[in-house]
$ cat entry_37.txt   # compact mmCIF, C-alpha atoms and all ligand atoms
# COMPACT_ATOMS: atom_id res chain seq x y z
CA MET Q 16 4.87 -4.99 -1.76
CA PHE Q 17 6.15 -3.71 -5.11
CA SER Q 18 7.62 -0.43 -3.79
CA GLU Q 19 11.30 -1.30 -4.39
CA THR Q 20 10.72 -2.72 -7.87
CA ALA Q 21 7.88 -0.62 -9.29
CA ASP Q 22 10.32 1.12 -11.63
CA VAL Q 23 11.19 -2.18 -13.38
CA TYR Q 24 7.68 -3.74 -13.54
CA ASP Q 25 7.03 -2.54 -17.11
CA LEU Q 26 10.49 -3.59 -18.24
CA ILE Q 27 9.95 -7.13 -16.89
CA TYR Q 28 6.45 -7.55 -18.30
CA ARG Q 29 7.22 -6.01 -21.68
CA GLY Q 30 8.67 -9.37 -22.70
CA LEU Q 31 6.07 -11.51 -20.93
CA LYS Q 32 2.72 -9.88 -21.51
CA ASP Q 33 1.06 -8.13 -24.45
CA PHE Q 34 -0.86 -5.33 -22.73
CA GLN Q 35 -1.96 -3.81 -26.04
CA ASP Q 36 -3.53 -7.06 -27.23
CA GLU Q 37 -5.14 -7.67 -23.83
CA ALA Q 38 -6.60 -4.15 -23.84
CA ALA Q 39 -8.04 -4.87 -27.31
CA GLN Q 40 -9.66 -8.05 -25.96
CA VAL Q 41 -11.06 -6.17 -22.94
CA ALA Q 42 -12.42 -3.42 -25.20
CA ALA Q 43 -14.09 -5.90 -27.58
CA LEU Q 44 -15.67 -7.80 -24.69
CA ILE Q 45 -17.08 -4.65 -23.12
CA ARG Q 46 -18.33 -3.14 -26.40
CA LEU Q 47 -20.06 -6.41 -27.32
CA ARG Q 48 -22.21 -6.12 -24.21
CA ILE Q 49 -22.28 -2.36 -23.69
CA PRO Q 50 -21.80 -0.72 -27.12
CA PHE Q 51 -21.67 2.83 -25.76
CA ALA Q 52 -19.51 2.08 -22.74
CA LYS Q 53 -17.20 4.97 -21.92
CA ARG Q 54 -16.13 4.97 -18.28
CA LEU Q 55 -13.96 2.16 -16.90
CA LEU Q 56 -12.41 1.59 -13.48
CA ASP Q 57 -9.27 -0.55 -13.34
CA VAL Q 58 -8.99 -2.02 -9.83
CA ALA Q 59 -5.41 -3.02 -8.91
CA CYS Q 60 -4.32 -1.11 -11.99
CA GLY Q 61 -0.59 -1.54 -11.35
CA THR Q 62 1.42 0.78 -13.57
CA GLY Q 63 -1.66 1.68 -15.65
CA GLU Q 64 -0.50 -0.14 -18.76
CA HIS Q 65 -3.92 -1.63 -19.65
CA ALA Q 66 -5.43 1.80 -18.99
CA ARG Q 67 -2.97 3.46 -21.34
CA TYR Q 68 -4.05 1.29 -24.29
CA LEU Q 69 -7.75 1.34 -23.36
CA VAL Q 70 -7.60 5.13 -23.58
CA ARG Q 71 -5.25 5.50 -26.53
CA ASP Q 72 -6.53 2.74 -28.82
CA HIS Q 73 -10.17 2.40 -27.75
CA GLY Q 74 -11.29 5.84 -26.58
CA PHE Q 75 -12.37 4.89 -23.05
CA HIS Q 76 -12.03 7.12 -20.02
CA VAL Q 77 -10.17 5.05 -17.41
CA ASP Q 78 -9.71 5.68 -13.70
CA GLY Q 79 -7.77 3.31 -11.46
CA ILE Q 80 -6.94 2.30 -7.92
CA ASP Q 81 -4.02 0.34 -6.52
CA LEU Q 82 -2.63 -0.40 -3.07
CA GLU Q 83 0.95 0.40 -4.12
CA PRO Q 84 1.66 4.17 -4.13
CA ALA Q 85 4.66 3.80 -6.49
CA PHE Q 86 2.42 2.12 -9.08
CA VAL Q 87 -0.27 4.77 -8.69
CA ASP Q 88 2.35 7.47 -9.43
CA ILE Q 89 3.48 5.64 -12.59
CA ALA Q 90 -0.14 5.06 -13.70
CA ARG Q 91 -0.93 8.77 -13.20
CA GLY Q 92 2.05 9.80 -15.30
CA LYS Q 93 0.93 7.59 -18.18
CA ASN Q 94 -2.75 8.45 -17.96
CA PRO Q 95 -3.13 12.18 -17.32
CA GLY Q 96 -6.82 12.12 -18.30
CA GLY Q 97 -7.81 9.65 -15.56
CA THR Q 98 -7.91 9.75 -11.79
CA PHE Q 99 -5.58 7.23 -10.14
CA THR Q 100 -5.94 6.71 -6.42
CA CYS Q 101 -4.18 4.71 -3.76
CA ALA Q 102 -6.86 2.45 -2.24
CA ASP Q 103 -7.47 -1.10 -1.00
CA MET Q 104 -9.85 -3.08 -3.20
CA VAL Q 105 -11.18 -4.85 -0.11
CA ASP Q 106 -12.90 -1.69 1.04
CA PHE Q 107 -13.02 1.48 -1.05
CA ASP Q 108 -15.63 3.93 -2.21
CA LEU Q 109 -14.84 6.45 -4.94
CA GLY Q 110 -18.44 7.69 -4.94
CA SER Q 111 -18.64 7.06 -8.67
CA GLU Q 112 -20.09 4.40 -11.00
CA TYR Q 113 -18.54 2.96 -14.17
CA ASP Q 114 -19.79 1.09 -17.24
CA ALA Q 115 -17.24 -1.61 -16.48
CA VAL Q 116 -15.04 -2.40 -13.50
CA LEU Q 117 -11.91 -4.44 -14.29
CA CYS Q 118 -9.64 -6.43 -12.01
CA LEU Q 119 -6.98 -7.99 -14.24
CA PHE Q 120 -3.89 -10.20 -14.13
CA SER Q 121 -4.97 -12.23 -11.09
CA SER Q 122 -4.85 -9.24 -8.73
CA ILE Q 123 -7.94 -10.58 -6.95
CA GLY Q 124 -5.77 -13.39 -5.50
CA TYR Q 125 -4.01 -10.85 -3.28
CA VAL Q 126 -7.11 -10.59 -1.08
CA LYS Q 127 -6.00 -14.01 0.19
CA ASP Q 128 -9.15 -15.39 1.88
CA LEU Q 129 -12.83 -15.89 1.20
CA PRO Q 130 -14.26 -13.21 3.55
CA ARG Q 131 -11.95 -10.60 1.96
CA LEU Q 132 -12.81 -11.91 -1.52
CA GLU Q 133 -16.49 -11.36 -0.90
CA GLN Q 134 -15.86 -7.93 0.66
CA SER Q 135 -13.76 -6.94 -2.36
CA LEU Q 136 -16.44 -8.05 -4.80
CA ARG Q 137 -18.97 -5.92 -2.87
CA SER Q 138 -16.59 -2.95 -3.19
CA LEU Q 139 -16.17 -3.57 -6.92
CA LYS Q 140 -19.93 -3.92 -7.38
CA ARG Q 141 -20.52 -0.58 -5.61
CA HIS Q 142 -18.73 1.03 -8.57
CA VAL Q 143 -20.65 -0.74 -11.37
CA ALA Q 144 -23.40 1.31 -13.02
CA ARG Q 145 -26.84 -0.26 -13.56
CA ASP Q 146 -26.47 -2.45 -16.69
CA GLY Q 147 -22.70 -2.24 -16.27
CA MET Q 148 -20.30 -5.16 -15.97
CA LEU Q 149 -17.41 -6.58 -13.97
CA VAL Q 150 -14.41 -8.28 -15.56
CA VAL Q 151 -12.26 -10.27 -13.12
CA GLU Q 152 -9.25 -12.32 -14.16
CA PRO Q 153 -8.59 -14.91 -11.41
CA TRP Q 154 -5.47 -16.40 -9.88
CA PHE Q 155 -5.05 -20.19 -9.95
CA GLU Q 156 -7.38 -22.75 -8.43
CA PRO Q 157 -6.13 -25.11 -5.67
CA GLY Q 158 -4.07 -27.92 -7.21
CA ALA Q 159 -3.08 -25.98 -10.32
CA MET Q 160 0.27 -24.67 -9.04
CA GLN Q 161 3.40 -26.66 -8.38
CA HIS Q 162 4.99 -26.40 -4.92
CA GLY Q 163 8.68 -25.44 -5.22
CA TYR Q 164 8.39 -24.16 -8.79
CA VAL Q 165 11.32 -21.88 -9.67
CA MET Q 166 11.25 -19.37 -12.49
CA CYS Q 167 13.85 -16.97 -13.82
CA VAL Q 168 13.14 -13.89 -15.94
CA ASN Q 169 15.72 -11.62 -17.55
CA ALA Q 170 14.83 -8.25 -19.01
CA GLU Q 171 16.83 -5.46 -20.56
CA GLY Q 172 16.09 -1.95 -21.77
CA GLU Q 173 16.42 1.78 -21.07
CA GLY Q 174 20.05 1.21 -19.98
CA ARG Q 175 19.14 -1.34 -17.31
CA LYS Q 176 19.25 -5.10 -16.88
CA VAL Q 177 17.03 -7.07 -14.51
CA CYS Q 178 17.23 -10.69 -13.33
CA ARG Q 179 14.21 -11.87 -11.34
CA MET Q 180 14.11 -15.31 -9.81
CA SER Q 181 10.99 -16.58 -8.06
CA ARG Q 182 10.03 -19.65 -6.09
CA THR Q 183 6.46 -20.62 -5.32
CA GLU Q 184 5.31 -22.45 -2.21
CA ILE Q 185 1.85 -23.84 -1.65
CA ASP Q 186 0.58 -23.74 1.91
CA GLY Q 187 -2.99 -25.07 1.97
CA ARG Q 188 -5.13 -22.42 0.28
CA LEU Q 189 -2.31 -19.87 0.10
CA SER Q 190 0.35 -19.58 -2.58
CA ARG Q 191 3.51 -17.76 -1.50
CA VAL Q 192 5.82 -16.38 -4.16
CA HIS Q 193 9.30 -15.28 -3.10
CA PHE Q 194 10.99 -12.98 -5.63
CA GLU Q 195 14.67 -12.00 -5.64
CA TYR Q 196 15.71 -9.21 -8.00
CA LEU Q 197 19.10 -8.07 -9.22
CA ILE Q 198 18.82 -4.75 -11.03
CA GLY Q 199 21.80 -3.13 -12.70
CA ASP Q 200 22.70 -0.05 -14.67
CA SER Q 201 25.89 1.94 -15.30
CA ARG Q 202 25.71 3.42 -11.77
CA GLY Q 203 25.67 0.04 -10.01
CA LEU Q 204 23.74 -3.02 -8.94
CA ARG Q 205 20.94 -3.27 -6.42
CA ARG Q 206 19.04 -6.17 -4.94
CA ALA Q 207 15.42 -6.39 -3.86
CA SER Q 208 13.29 -9.11 -2.27
CA GLU Q 209 9.53 -9.51 -2.33
CA PHE Q 210 7.13 -11.96 -0.72
CA HIS Q 211 3.68 -12.19 -2.27
CA GLU Q 212 0.76 -14.16 -0.85
CA LEU Q 213 -2.23 -15.01 -3.01
CA GLY Q 214 -5.29 -17.06 -2.09
CA LEU Q 215 -6.21 -20.16 -4.10
CA PHE Q 216 -9.97 -20.18 -4.65
CA THR Q 217 -12.00 -22.87 -6.41
CA ARG Q 218 -14.35 -21.93 -9.21
CA GLY Q 219 -17.25 -22.83 -6.90
CA GLU Q 220 -15.94 -20.50 -4.18
CA MET Q 221 -15.41 -17.67 -6.67
CA THR Q 222 -18.92 -18.12 -8.09
CA ALA Q 223 -20.48 -18.24 -4.61
CA ALA Q 224 -18.57 -15.09 -3.57
CA PHE Q 225 -19.85 -13.19 -6.64
CA GLU Q 226 -23.40 -14.36 -5.99
CA SER Q 227 -23.34 -13.48 -2.33
CA ALA Q 228 -22.04 -10.01 -3.28
CA GLY Q 229 -25.16 -9.61 -5.49
CA ILE Q 230 -23.41 -10.19 -8.81
CA GLU Q 231 -24.64 -12.60 -11.49
CA VAL Q 232 -21.59 -14.28 -12.94
CA GLU Q 233 -20.48 -16.24 -16.02
CA TYR Q 234 -17.17 -18.04 -16.33
CA ASP Q 235 -14.96 -18.29 -19.42
CA GLU Q 236 -12.40 -21.14 -19.08
CA VAL Q 237 -9.71 -19.39 -21.14
CA GLY Q 238 -10.12 -15.65 -20.76
CA PHE Q 239 -7.48 -13.21 -21.99
CA ILE Q 240 -4.34 -15.11 -20.93
CA GLY Q 241 -5.47 -18.67 -20.26
CA ARG Q 242 -6.20 -18.11 -16.56
CA GLY Q 243 -9.99 -17.95 -17.02
CA LEU Q 244 -12.29 -14.97 -16.65
CA TYR Q 245 -15.34 -14.06 -14.54
CA LEU Q 246 -17.87 -11.73 -16.14
CA GLY Q 247 -20.30 -10.21 -13.69
CA THR Q 248 -23.45 -8.15 -13.91
CA ARG Q 249 -25.33 -6.42 -11.11
CA VAL Q 250 -28.53 -8.24 -10.20
CA ASP Q 251 -30.22 -5.37 -8.33
C1 LIG Q 301 0.06 -8.78 -10.69
S1 LIG Q 301 -0.13 -7.09 -10.36
C2 LIG Q 301 -1.26 -6.62 -11.67
C3 LIG Q 301 -1.25 -5.15 -11.96
C4 LIG Q 301 -2.00 -4.73 -13.23
N1 LIG Q 301 -3.42 -5.00 -13.13
C5 LIG Q 301 -1.41 -5.40 -14.44
O1 LIG Q 301 -2.15 -6.11 -15.15
O2 LIG Q 301 -0.22 -5.18 -14.69
C6 LIG Q 301 -1.16 -7.12 -8.93
C7 LIG Q 301 -1.58 -5.75 -8.48
O3 LIG Q 301 -2.50 -5.84 -7.40
C8 LIG Q 301 -2.24 -4.77 -6.52
N2 LIG Q 301 -2.89 -5.08 -5.24
C9 LIG Q 301 -2.61 -6.10 -4.40
N3 LIG Q 301 -3.45 -6.08 -3.35
C10 LIG Q 301 -4.29 -5.02 -3.55
C11 LIG Q 301 -5.38 -4.49 -2.82
N4 LIG Q 301 -5.78 -5.05 -1.67
N5 LIG Q 301 -6.01 -3.40 -3.31
C12 LIG Q 301 -5.61 -2.82 -4.47
N6 LIG Q 301 -4.57 -3.30 -5.21
C13 LIG Q 301 -3.93 -4.38 -4.75
C14 LIG Q 301 -0.73 -4.71 -6.48
O4 LIG Q 301 -0.24 -3.52 -5.93
C15 LIG Q 301 -0.42 -4.89 -7.96
O5 LIG Q 301 -0.46 -3.67 -8.64

$ encode --input "entry_37.txt" --output "structure tokens"
Amino acid sequence: MFSETADVYDLIYRGLKDFQDEAAQVAALIRLRIPFAKRLLDVACGTGEHARYLVRDHGFHVDGIDLEPAFVDIARGKNPGGTFTCADMVDFDLGSEYDAVLCLFSSIGYVKDLPRLEQSLRSLKRHVARDGMLVVEPWFEPGAMQHGYVMCVNAEGEGRKVCRMSRTEIDGRLSRVHFEYLIGDSRGLRRASEFHELGLFTRGEMTAAFESAGIEVEYDEVGFIGRGLYLGTRVD
């Protein structure tokens, strides 16, 4: 999905998202509940930017998985101390448990439907140590997004310029985001197109999915970036 644009993801989000501050919030939240937490798993880790700060500024060991091989390569390069693997959050087993399992920046929406949501939460839970926690930042609830919304982002750095325009469509419980990129440097211009589909789950559906996966869950309306936050603990 991101394979043609993985190299410009960090450039685009550098101006939109403060990964260092978010990592500090994640670290504080985990240490409040698990003071001696050390091992974290970042599910749908993208380019490993949260991981980088969680390691560098907060002393955690962070491993990660992502579906996109190009992201996994970038994450590995930034985080040589961790293990970064290409895997599908819907069904994966690293054979290892962590003090906290993270799934940030709405990545959970990519599972699209309720059966896959519940299956993913079971996979995440499989990796949470006894007394460990889950931190899941959701995508939007039904009704929160505007059909036909168009957004344009420009970014510049490292000798490149990027224009990214997106348009969102709402189709029942699915949001579809069409991205068009124009990426230029001194060697030339290239275009790329992406189509993302993310499921729109209500808070009730999210809570029920956590509970049926055997996870006790609390909800924070605001979370790290205003999209809310689910905090889970294993019940067995
Ligand atoms: C919005 S990006 C967030 C990436 C990263 N967590 C961040 O905060 O920058 C969504 C991520 O979810 C990943 N993803 C989508 N579906 C996935 C799946 N089924 N299993 C694992 N990763 C998935 C994408 O490849 C992408 O890296």

$ closest_atom_pairs --input "entry_37.txt" --of "chain Q" --to "ligand LIG 301 (chain Q)" --cutoff "8 Å" --atoms "only C-alpha atoms and all ligand atoms" --output "CSV"
residue,atom,partner,partner_atom,distance
Q:Met16,CA,Q:LIG301,O4,6.8
Q:Phe17,CA,Q:LIG301,O4,6.4
Q:Tyr28,CA,Q:LIG301,O2,7.9
Q:Phe34,CA,Q:LIG301,O1,7.7
Q:Asp57,CA,Q:LIG301,N1,7.4
Q:Val58,CA,Q:LIG301,C12,6.4
Q:Ala59,CA,Q:LIG301,N6,3.8
Q:Cys60,CA,Q:LIG301,N1,4.2
Q:Gly61,CA,Q:LIG301,O5,3.4
Q:Thr62,CA,Q:LIG301,O2,6.3
Q:Gly63,CA,Q:LIG301,C4,6.9
Q:Glu64,CA,Q:LIG301,O2,6.5
Q:His65,CA,Q:LIG301,O1,6.6
Q:Ile80,CA,Q:LIG301,C12,6.3
Q:Asp81,CA,Q:LIG301,N6,3.9
Q:Leu82,CA,Q:LIG301,C12,4.1
Q:Glu83,CA,Q:LIG301,O4,4.5
Q:Phe86,CA,Q:LIG301,O5,6.5
Q:Cys101,CA,Q:LIG301,C12,7.7
Q:Ala102,CA,Q:LIG301,C12,5.9
Q:Asp103,CA,Q:LIG301,N5,3.6
Q:Met104,CA,Q:LIG301,N5,3.9
Q:Val105,CA,Q:LIG301,N4,5.6
Q:Cys118,CA,Q:LIG301,N1,6.5
Q:Leu119,CA,Q:LIG301,N1,4.8
Q:Phe120,CA,Q:LIG301,O1,4.6
Q:Ser121,CA,Q:LIG301,C1,6.1
Q:Ser122,CA,Q:LIG301,C6,4.3
Q:Ile123,CA,Q:LIG301,O3,7.2
Q:Gly124,CA,Q:LIG301,N3,8.0
Q:Tyr125,CA,Q:LIG301,N3,4.8
Q:Val126,CA,Q:LIG301,N4,5.7

$ residues_near_point --input "entry_37.txt" --point "(-11.9, 11.4, -10.2)" --cutoff "10 Å" --atoms "all atoms listed in the file" --output "mmCIF file with C-alpha atoms, in the frame of the given file"
data_model
loop_
_atom_site.group_PDB
_atom_site.id
_atom_site.type_symbol
_atom_site.label_atom_id
_atom_site.label_comp_id
_atom_site.auth_asym_id
_atom_site.auth_seq_id
_atom_site.Cartn_x
_atom_site.Cartn_y
_atom_site.Cartn_z
ATOM 1 C CA VAL Q 77 -10.170 5.050 -17.410
ATOM 2 C CA ASP Q 78 -9.710 5.680 -13.700
ATOM 3 C CA GLY Q 79 -7.770 3.310 -11.460
ATOM 4 C CA GLY Q 96 -6.820 12.120 -18.300
ATOM 5 C CA GLY Q 97 -7.810 9.650 -15.560
ATOM 6 C CA THR Q 98 -7.910 9.750 -11.790
ATOM 7 C CA PHE Q 99 -5.580 7.230 -10.140
ATOM 8 C CA THR Q 100 -5.940 6.710 -6.420
ATOM 9 C CA LEU Q 109 -14.840 6.450 -4.940
ATOM 10 C CA GLY Q 110 -18.440 7.690 -4.940
ATOM 11 C CA SER Q 111 -18.640 7.060 -8.670
#

$ closest_residue --input "entry_37.txt" --among "Q:Thr222, Q:Ser208, Q:Ser18, Q:Gln161" --to "Met180 of chain Q" --atoms "all atoms listed in the file"
Q:Ser208

$ closest_residue --input "entry_37.txt" --among "Q:His73, Q:Gly158, Q:Phe194, Q:Arg91" --to "Leu44 of chain Q" --atoms "only C-alpha atoms"
Q:His73

$ residues_near_point --input "entry_37.txt" --point "(-25.6, -14.0, -12.2)" --cutoff "9 Å" --atoms "only C-alpha atoms" --output "PyMOL selection string"
chain Q and resi 222+225-226+229-233+246-250

$ atom_distance --input "entry_37.txt" --atom1 "atom CA of Leu69 of chain Q" --atom2 "atom CA of Glu112 of chain Q"
17.7 Å

$ closest_residue --input "entry_37.txt" --among "Q:Arg206, Q:Lys32, Q:His162, Q:Arg137" --to "Val177 of chain Q" --atoms "all atoms listed in the file"
Q:Arg206

$ closest_residue --input "entry_37.txt" --among "Q:Gly163, Q:Ala170, Q:Leu149, Q:Glu195" --to "Tyr234 of chain Q" --atoms "only C-alpha atoms"
Q:Leu149

$ atom_distance --input "entry_37.txt" --atom1 "atom CA of Met221 of chain Q" --atom2 "atom CA of Pro153 of chain Q"
8.8 Å

$ atom_distance --input "entry_37.txt" --atom1 "atom CA of Asp25 of chain Q" --atom2 "atom CA of Ile240 of chain Q"
17.4 Å

$ axis_aligned_box --input "entry_37.txt" --around "segment 209-216 of chain Q" --padding-each-side "4 Å" --output "lines of an AutoDock Vina configuration file"
center_x = -0.2
center_y = -14.8
center_z = -2.7
size_x = 27.5
size_y = 18.7
size_z = 11.9

$ residues_around --input "entry_37.txt" --residues "Asp235 of chain Q" --least-positions-apart "3" --cutoff "6 Å" --atoms "all atoms listed in the file" --output "list in words"
Gly238, Gly243 and Leu244 of chain Q

$ closest_residue --input "entry_37.txt" --among "Q:Arg188, Q:Arg202, Q:Lys140, Q:Arg242" --to "Leu215 of chain Q" --atoms "only C-alpha atoms"
Q:Arg188

$ closest_residue --input "entry_37.txt" --among "Q:Ile49, Q:Ala66, Q:Val23, Q:Ile185" --to "Glu37 of chain Q" --atoms "all atoms listed in the file"
Q:Ala66

$ residues_around --input "entry_37.txt" --residues "Thr217 of chain Q" --least-positions-apart "2" --cutoff "6 Å" --atoms "all atoms listed in the file" --output "count of residues only"
3
